[in-house]
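Structure first, commentary second.
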Amino acid sequence: MKAMILKDFGGVENLVKADIPVPPVGDDEVLVKVMALSINPVDIKTRIGKALAQQLKDDDPVILGWDISGVVSKKGKTVTSFMEGDEVFGMINFPGHGRAYAEYVSAPESHLAIKPANISHEEAAAASLAALTAWQILSYTAGITKGNRVLIHAAAGGVGHYAVQMAKYLGAHVTGTASGTNMEFLKGLGADIVIDYKKEKFEEAASNIDFVLDAVGGDYIDRSLKTMKQNGLIISIPSGAAEAVTEKAKAKGLNGQRFMVRSSGKHMREIASLLDTGNVVSYISKVYRFDDIPDAHLQIETGKTRGKVVVTV
């Protein structure tokens, strides 16, 4: 089968197409013929030697990627949720070795959900790690309920554009920060207020916030704390921000928590329901061919991607 393997940590030139054996299928796994996959910032961070690089460095070969959508071609002995021919999607083995940049992927039954019939494989692959991050944070960690005031940074990005829609679904009043070119896009997703961070200081425009979802880090943590009400919660998801956000929030009498998304078929089924009903949609800014995965990495590295980038296999 074809796969895009990582020969060494570093630049995109280390992503090399190869022909490798189809992976074996464990008793609790299914073999998925991948139709589409999604690229996330953690892919880039791992490629350059950060994020999950230390965890994967001794594996051979290293195959990046965690988001897939495809068709079950074989199932393990104990699998009961899926049949051969089922269309499935999910975030595979995160945090761990997902091996998504490949024609076939062995995936635990417990990490997948049935793909809604009303969306494409590209839209499903997009709604895996990013959507799962937003959903686990908003619904399970922060427990957002009707009337909460939520501030979402980088609201037009991968996690952000799902978070806006999910927060609205949960009944929140949503403020998002983005560049001016994304203001109408975010209003179309349901954002109540959009702050152009290039023209306005968000800490002066937003107040009385119950929850902040920060996908930027750095001084956005300190500035976000100024917008929050007593007992408010902030979660900062960039690598390296976990310790800083916890300590900085505590110093202000506020709450900051660590968060790492984890594979969950249960949560993927909940996301599938949101996609099926149209309460959440995937916005895909560009679709790449499999051979062009290095170009997809370079696009994510710009930090200016609206929504998601996906790859057809």
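Ligands are numbered from 1 in the order shown, chains are lettered A, B, ... in the order of the structure tokens, and residues start at 1 in each chain.
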- Residue contacts of region 235-241 of chain A (12 Å, only C-alpha atoms) excluding same-chain residues fewer than 5 positions away, as a PyMOL selection string: chain A and resi 41-42+44-46+50-52+130+133-134+136-138+141-142+150-154+159-160+210-222+224-225+246-249+254-261
List the neighbours of Gly76 (chain A) out to 7 Å using only C-alpha atoms; skip same-chain residues closer than 6 positions along the sequence, and give me the result as a PDB file with C-alpha atoms, in the first residue's frame.
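Writing done, so here's out.pdb:
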ATOM      1  CA  VAL A  25      -5.630  -6.213  12.160  1.00  0.00           C
ATOM      2  CA  GLY A  26      -5.976  -6.947  15.868  1.00  0.00           C
ATOM      3  CA  ASP A  27      -8.978  -8.710  17.359  1.00  0.00           C
ATOM      4  CA  ASP A  28     -10.524  -5.408  18.482  1.00  0.00           C
ATOM      5  CA  GLU A  29      -9.581  -3.468  15.338  1.00  0.00           C
ATOM      6  CA  VAL A  30     -10.877  -2.857  11.852  1.00  0.00           C
TER       7      VAL A  30
END
- From a DSSP pass on the backbone, collect the residues of region 187-306 of chain A flagged as alpha helix (DSSP H) and hand them back as number ranges by chain. A: 187-189, 202-205, 219-225, 242-251, 265-277, 293-301
- Query: Can you list, as a PyMOL selection string, every protein, DNA or RNA residue that comes within 12 Å of Val88 (chain A) when you count only C-alpha atoms, leaving out same-chain residues fewer than 4 positions away?
  - Reply: chain A and resi 30-37+67-73+81-84+92+105+107-117+119-122+124-125+127-128+265+268-269+272
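The environment of region 173-183 of chain A within 8 Å, counting only C-alpha atoms and disregarding residues fewer than 3 places along the same chain, consists of A:Gly147, A:Asn148, A:Arg149, A:Val150, A:Leu151, A:Ile152, A:His153, A:Ala154, A:Ala155, A:Ala156, A:Val164, A:Ala167, A:Lys168, A:Leu186, A:Lys187, A:Gly190, A:Ala191, A:Asp192, A:Ile193, A:Val194, A:Ile195, A:Asp196, A:Tyr197, A:Lys198, A:Phe202, A:Ala206, A:Arg306.
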Wanna dump the region 71-124 of chain A-region 18-22 of chain A contacts at 10 Å for me, each residue with its shortest atom pair and the distance in Å to one decimal, counting only C-alpha atoms, ordered by chain and number, as a tab-separated table?
residue	atom	partner	partner_atom	distance
A:Ala102	CA	A:Val22	CA	9.1
A:Glu103	CA	A:Val22	CA	8.3
A:Tyr104	CA	A:Val22	CA	6.4
A:Val105	CA	A:Val22	CA	7.9
A:Ser106	CA	A:Val22	CA	8.8
- May I have the residues within 7 Å of Gly65 (chain A) as number ranges by chain, using only C-alpha atoms and disregarding those fewer than 2 positions away in the same chain? A: 39, 43, 63, 67, 98-101
Include C-alpha atoms and write out the residues we just selected as a PDB file, in the first residue's frame.
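What landed in again-v8.pdb:
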ATOM      1  CA  ILE A  39      -3.859  17.581   8.611  1.00  0.00           C
ATOM      2  CA  ASP A  43       1.214  16.839  12.668  1.00  0.00           C
ATOM      3  CA  ILE A  63       3.696   7.591   9.770  1.00  0.00           C
ATOM      4  CA  ASP A  67      -7.719  11.772  11.307  1.00  0.00           C
ATOM      5  CA  GLY A  98      -2.056   7.050  14.366  1.00  0.00           C
ATOM      6  CA  ARG A  99      -0.408   6.133  11.036  1.00  0.00           C
ATOM      7  CA  ALA A 100      -3.128   7.961   9.097  1.00  0.00           C
ATOM      8  CA  TYR A 101      -1.012   9.008   6.097  1.00  0.00           C
TER       9      TYR A 101
END
- Item | A:Asn118, A:Gln54, A:Gln165, A:Asn40 ranked by distance to Phe9 (chain A), top pick (using only C-alpha atoms) | A:Gln54
- With only C-alpha atoms as the atoms that count, which of A:Met4, A:Pro294, A:Asp59, A:Leu132 lies nearest to Tyr162 (chain A)?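 Nearest candidate to Tyr162 (chain A) out of A:Met4, A:Pro294, A:Asp59, A:Leu132: A:Leu132.
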- Quick one: distance from CA of Ile48 (chain A) to CA of Lys17 (chain A) in Å, one decimal?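 Rounded to one decimal, the two atoms are 17.6 Å apart.
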Could you pull out the strand (DSSP E or B) residues of region 39-266 of chain A, going by DSSP on the backbone, and write them as a short mmCIF file (atom, residue, chain, number, x, y, z; two decimals) with N, CA and C atoms, in the first residue's frame?
data_model
loop_
_atom_site.label_atom_id
_atom_site.label_comp_id
_atom_site.auth_asym_id
_atom_site.auth_seq_id
_atom_site.Cartn_x
_atom_site.Cartn_y
_atom_site.Cartn_z
N ILE A 39 -5.14 17.10 8.08
CA ILE A 39 -3.86 17.58 8.61
C ILE A 39 -4.14 18.57 9.74
N VAL A 62 7.84 5.69 10.88
CA VAL A 62 6.97 6.69 11.49
C VAL A 62 6.02 7.21 10.42
N ASP A 67 -6.33 11.60 11.75
CA ASP A 67 -7.72 11.77 11.31
C ASP A 67 -7.98 11.01 10.02
N ILE A 68 -8.98 10.12 10.04
CA ILE A 68 -9.30 9.37 8.83
C ILE A 68 -10.81 9.28 8.62
N SER A 69 -11.18 9.08 7.36
CA SER A 69 -12.53 8.68 7.00
C SER A 69 -12.38 7.68 5.86
N GLY A 70 -13.10 6.57 5.95
CA GLY A 70 -12.95 5.56 4.92
C GLY A 70 -13.95 4.43 5.08
N VAL A 71 -13.59 3.29 4.51
CA VAL A 71 -14.49 2.14 4.44
C VAL A 71 -13.84 0.93 5.12
N VAL A 72 -14.60 0.25 5.96
CA VAL A 72 -14.10 -0.96 6.63
C VAL A 72 -13.92 -2.07 5.59
N SER A 73 -12.68 -2.56 5.47
CA SER A 73 -12.41 -3.64 4.52
C SER A 73 -12.21 -4.98 5.21
N LYS A 74 -11.96 -4.95 6.51
CA LYS A 74 -11.77 -6.18 7.28
C LYS A 74 -12.00 -5.86 8.75
N LYS A 75 -12.52 -6.82 9.51
CA LYS A 75 -12.72 -6.57 10.94
C LYS A 75 -12.13 -7.70 11.77
N GLU A 87 -18.99 2.78 6.25
CA GLU A 87 -18.20 4.00 6.16
C GLU A 87 -18.01 4.56 7.56
N VAL A 88 -16.76 4.76 7.95
CA VAL A 88 -16.43 5.16 9.32
C VAL A 88 -15.46 6.34 9.31
N PHE A 89 -15.39 7.03 10.46
CA PHE A 89 -14.42 8.11 10.61
C PHE A 89 -14.03 8.24 12.06
N GLY A 90 -12.89 8.90 12.29
CA GLY A 90 -12.47 9.10 13.66
C GLY A 90 -11.04 9.57 13.78
N MET A 91 -10.64 9.88 15.01
CA MET A 91 -9.27 10.23 15.35
C MET A 91 -8.65 8.97 15.98
N ALA A 102 -1.78 6.97 5.06
CA ALA A 102 -1.62 5.68 4.39
C ALA A 102 -2.92 5.25 3.72
N TYR A 104 -4.24 2.26 3.88
CA TYR A 104 -4.99 1.43 4.82
C TYR A 104 -4.50 1.72 6.24
N VAL A 105 -5.43 1.74 7.19
CA VAL A 105 -5.09 1.99 8.59
C VAL A 105 -5.82 0.97 9.47
N SER A 106 -5.09 0.36 10.40
CA SER A 106 -5.73 -0.47 11.41
C SER A 106 -6.15 0.42 12.57
N ALA A 107 -7.43 0.38 12.89
CA ALA A 107 -7.97 1.29 13.90
C ALA A 107 -8.78 0.55 14.94
N PRO A 108 -8.59 0.90 16.21
CA PRO A 108 -9.41 0.29 17.25
C PRO A 108 -10.90 0.58 17.02
N LEU A 112 -13.77 4.78 16.56
CA LEU A 112 -14.46 5.12 15.33
C LEU A 112 -15.96 5.30 15.52
N ALA A 113 -16.56 5.97 14.56
CA ALA A 113 -18.02 6.10 14.49
C ALA A 113 -18.44 5.94 13.03
N ILE A 114 -19.71 5.62 12.82
CA ILE A 114 -20.24 5.56 11.47
C ILE A 114 -20.29 6.97 10.88
N ARG A 149 -21.18 32.79 28.70
CA ARG A 149 -20.49 33.69 27.77
C ARG A 149 -19.11 33.09 27.46
N VAL A 150 -18.89 32.80 26.19
CA VAL A 150 -17.69 32.08 25.76
C VAL A 150 -16.87 32.96 24.82
N LEU A 151 -15.56 32.98 25.04
CA LEU A 151 -14.63 33.68 24.16
C LEU A 151 -13.73 32.64 23.49
N ILE A 152 -13.72 32.65 22.16
CA ILE A 152 -12.94 31.68 21.40
C ILE A 152 -11.90 32.41 20.56
N HIS A 173 -23.46 32.31 24.55
CA HIS A 173 -23.24 33.56 23.82
C HIS A 173 -21.77 33.54 23.42
N VAL A 174 -21.48 33.62 22.12
CA VAL A 174 -20.13 33.37 21.61
C VAL A 174 -19.49 34.63 21.04
N THR A 175 -18.30 34.93 21.57
CA THR A 175 -17.44 35.96 21.00
C THR A 175 -16.21 35.27 20.42
N GLY A 176 -15.86 35.63 19.20
CA GLY A 176 -14.68 35.05 18.57
C GLY A 176 -13.70 36.11 18.15
N THR A 177 -12.40 35.79 18.21
CA THR A 177 -11.39 36.69 17.67
C THR A 177 -10.85 36.11 16.37
N ALA A 178 -10.62 36.98 15.40
CA ALA A 178 -10.13 36.57 14.09
C ALA A 178 -9.68 37.80 13.32
N ILE A 193 -20.54 37.88 18.47
CA ILE A 193 -19.63 39.02 18.34
C ILE A 193 -18.33 38.51 17.74
N VAL A 194 -17.80 39.23 16.77
CA VAL A 194 -16.49 38.89 16.21
C VAL A 194 -15.58 40.11 16.38
N ILE A 195 -14.43 39.90 16.99
CA ILE A 195 -13.47 40.97 17.24
C ILE A 195 -12.29 40.82 16.28
N ASP A 196 -12.04 41.84 15.50
CA ASP A 196 -10.88 41.85 14.61
C ASP A 196 -9.65 42.17 15.45
N ILE A 209 -16.73 37.16 30.83
CA ILE A 209 -16.63 35.88 30.12
C ILE A 209 -16.56 34.72 31.12
N ASP A 210 -17.36 33.70 30.86
CA ASP A 210 -17.34 32.50 31.71
C ASP A 210 -16.23 31.53 31.32
N PHE A 211 -15.98 31.44 30.02
CA PHE A 211 -15.01 30.45 29.55
C PHE A 211 -14.25 30.97 28.34
N VAL A 212 -12.93 30.76 28.35
CA VAL A 212 -12.07 31.14 27.22
C VAL A 212 -11.42 29.89 26.65
N LEU A 213 -11.56 29.70 25.34
CA LEU A 213 -10.85 28.66 24.63
C LEU A 213 -9.76 29.34 23.81
N ASP A 214 -8.51 29.13 24.24
CA ASP A 214 -7.37 29.82 23.63
C ASP A 214 -6.55 28.87 22.78
N MET A 228 -12.34 37.83 32.05
CA MET A 228 -13.11 36.77 32.69
C MET A 228 -13.79 37.18 33.99
N LYS A 229 -14.94 36.58 34.24
CA LYS A 229 -15.65 36.81 35.49
C LYS A 229 -15.09 35.90 36.59
N GLN A 230 -15.45 36.17 37.82
CA GLN A 230 -15.01 35.34 38.94
C GLN A 230 -15.43 33.90 38.71
N ASN A 231 -14.52 32.96 39.05
CA ASN A 231 -14.72 31.52 38.85
C ASN A 231 -14.72 31.11 37.38
N GLY A 232 -14.30 32.03 36.50
CA GLY A 232 -14.21 31.70 35.09
C GLY A 232 -13.10 30.68 34.83
N LEU A 233 -13.20 30.03 33.67
CA LEU A 233 -12.24 28.99 33.29
C LEU A 233 -11.61 29.33 31.94
N ILE A 234 -10.29 29.13 31.84
CA ILE A 234 -9.59 29.26 30.57
C ILE A 234 -8.83 27.97 30.28
N ILE A 235 -8.91 27.51 29.06
CA ILE A 235 -8.11 26.38 28.60
C ILE A 235 -7.31 26.85 27.39
N SER A 236 -5.99 26.68 27.46
CA SER A 236 -5.10 27.06 26.36
C SER A 236 -4.54 25.78 25.76
N ASN A 255 -9.57 30.03 37.09
CA ASN A 255 -9.27 28.62 36.85
C ASN A 255 -8.66 28.41 35.47
N GLY A 256 -7.55 27.71 35.43
CA GLY A 256 -6.93 27.31 34.18
C GLY A 256 -6.65 25.82 34.23
N GLN A 257 -6.98 25.12 33.19
CA GLN A 257 -6.81 23.67 33.20
C GLN A 257 -5.99 23.18 32.02
#
- Query: Restricting the calculation to only C-alpha atoms, which member of A:Asp8, A:Leu298, A:Arg289, A:Leu56 is positioned closest to Val310 (chain A)?
  - Reply: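 Selected residue with least distance to Val310 (chain A): A:Arg289.
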- Gap from CA of Ser38 (chain A) to CA of Ala126 (chain A) - Å, one decimal: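 Straight-line distance from CA of Ser38 (chain A) to CA of Ala126 (chain A) works out to 5.3 Å.
Between Gly158 (chain A) and the candidates A:Glu301, A:Leu129, A:Thr80, A:Val16, the tightest atom-to-atom separation, counting only C-alpha atoms, involves A:Leu129.
From CA of Ser263 (chain A) back to CA of His297 (chain A), the distance works out to 22.3 Å.
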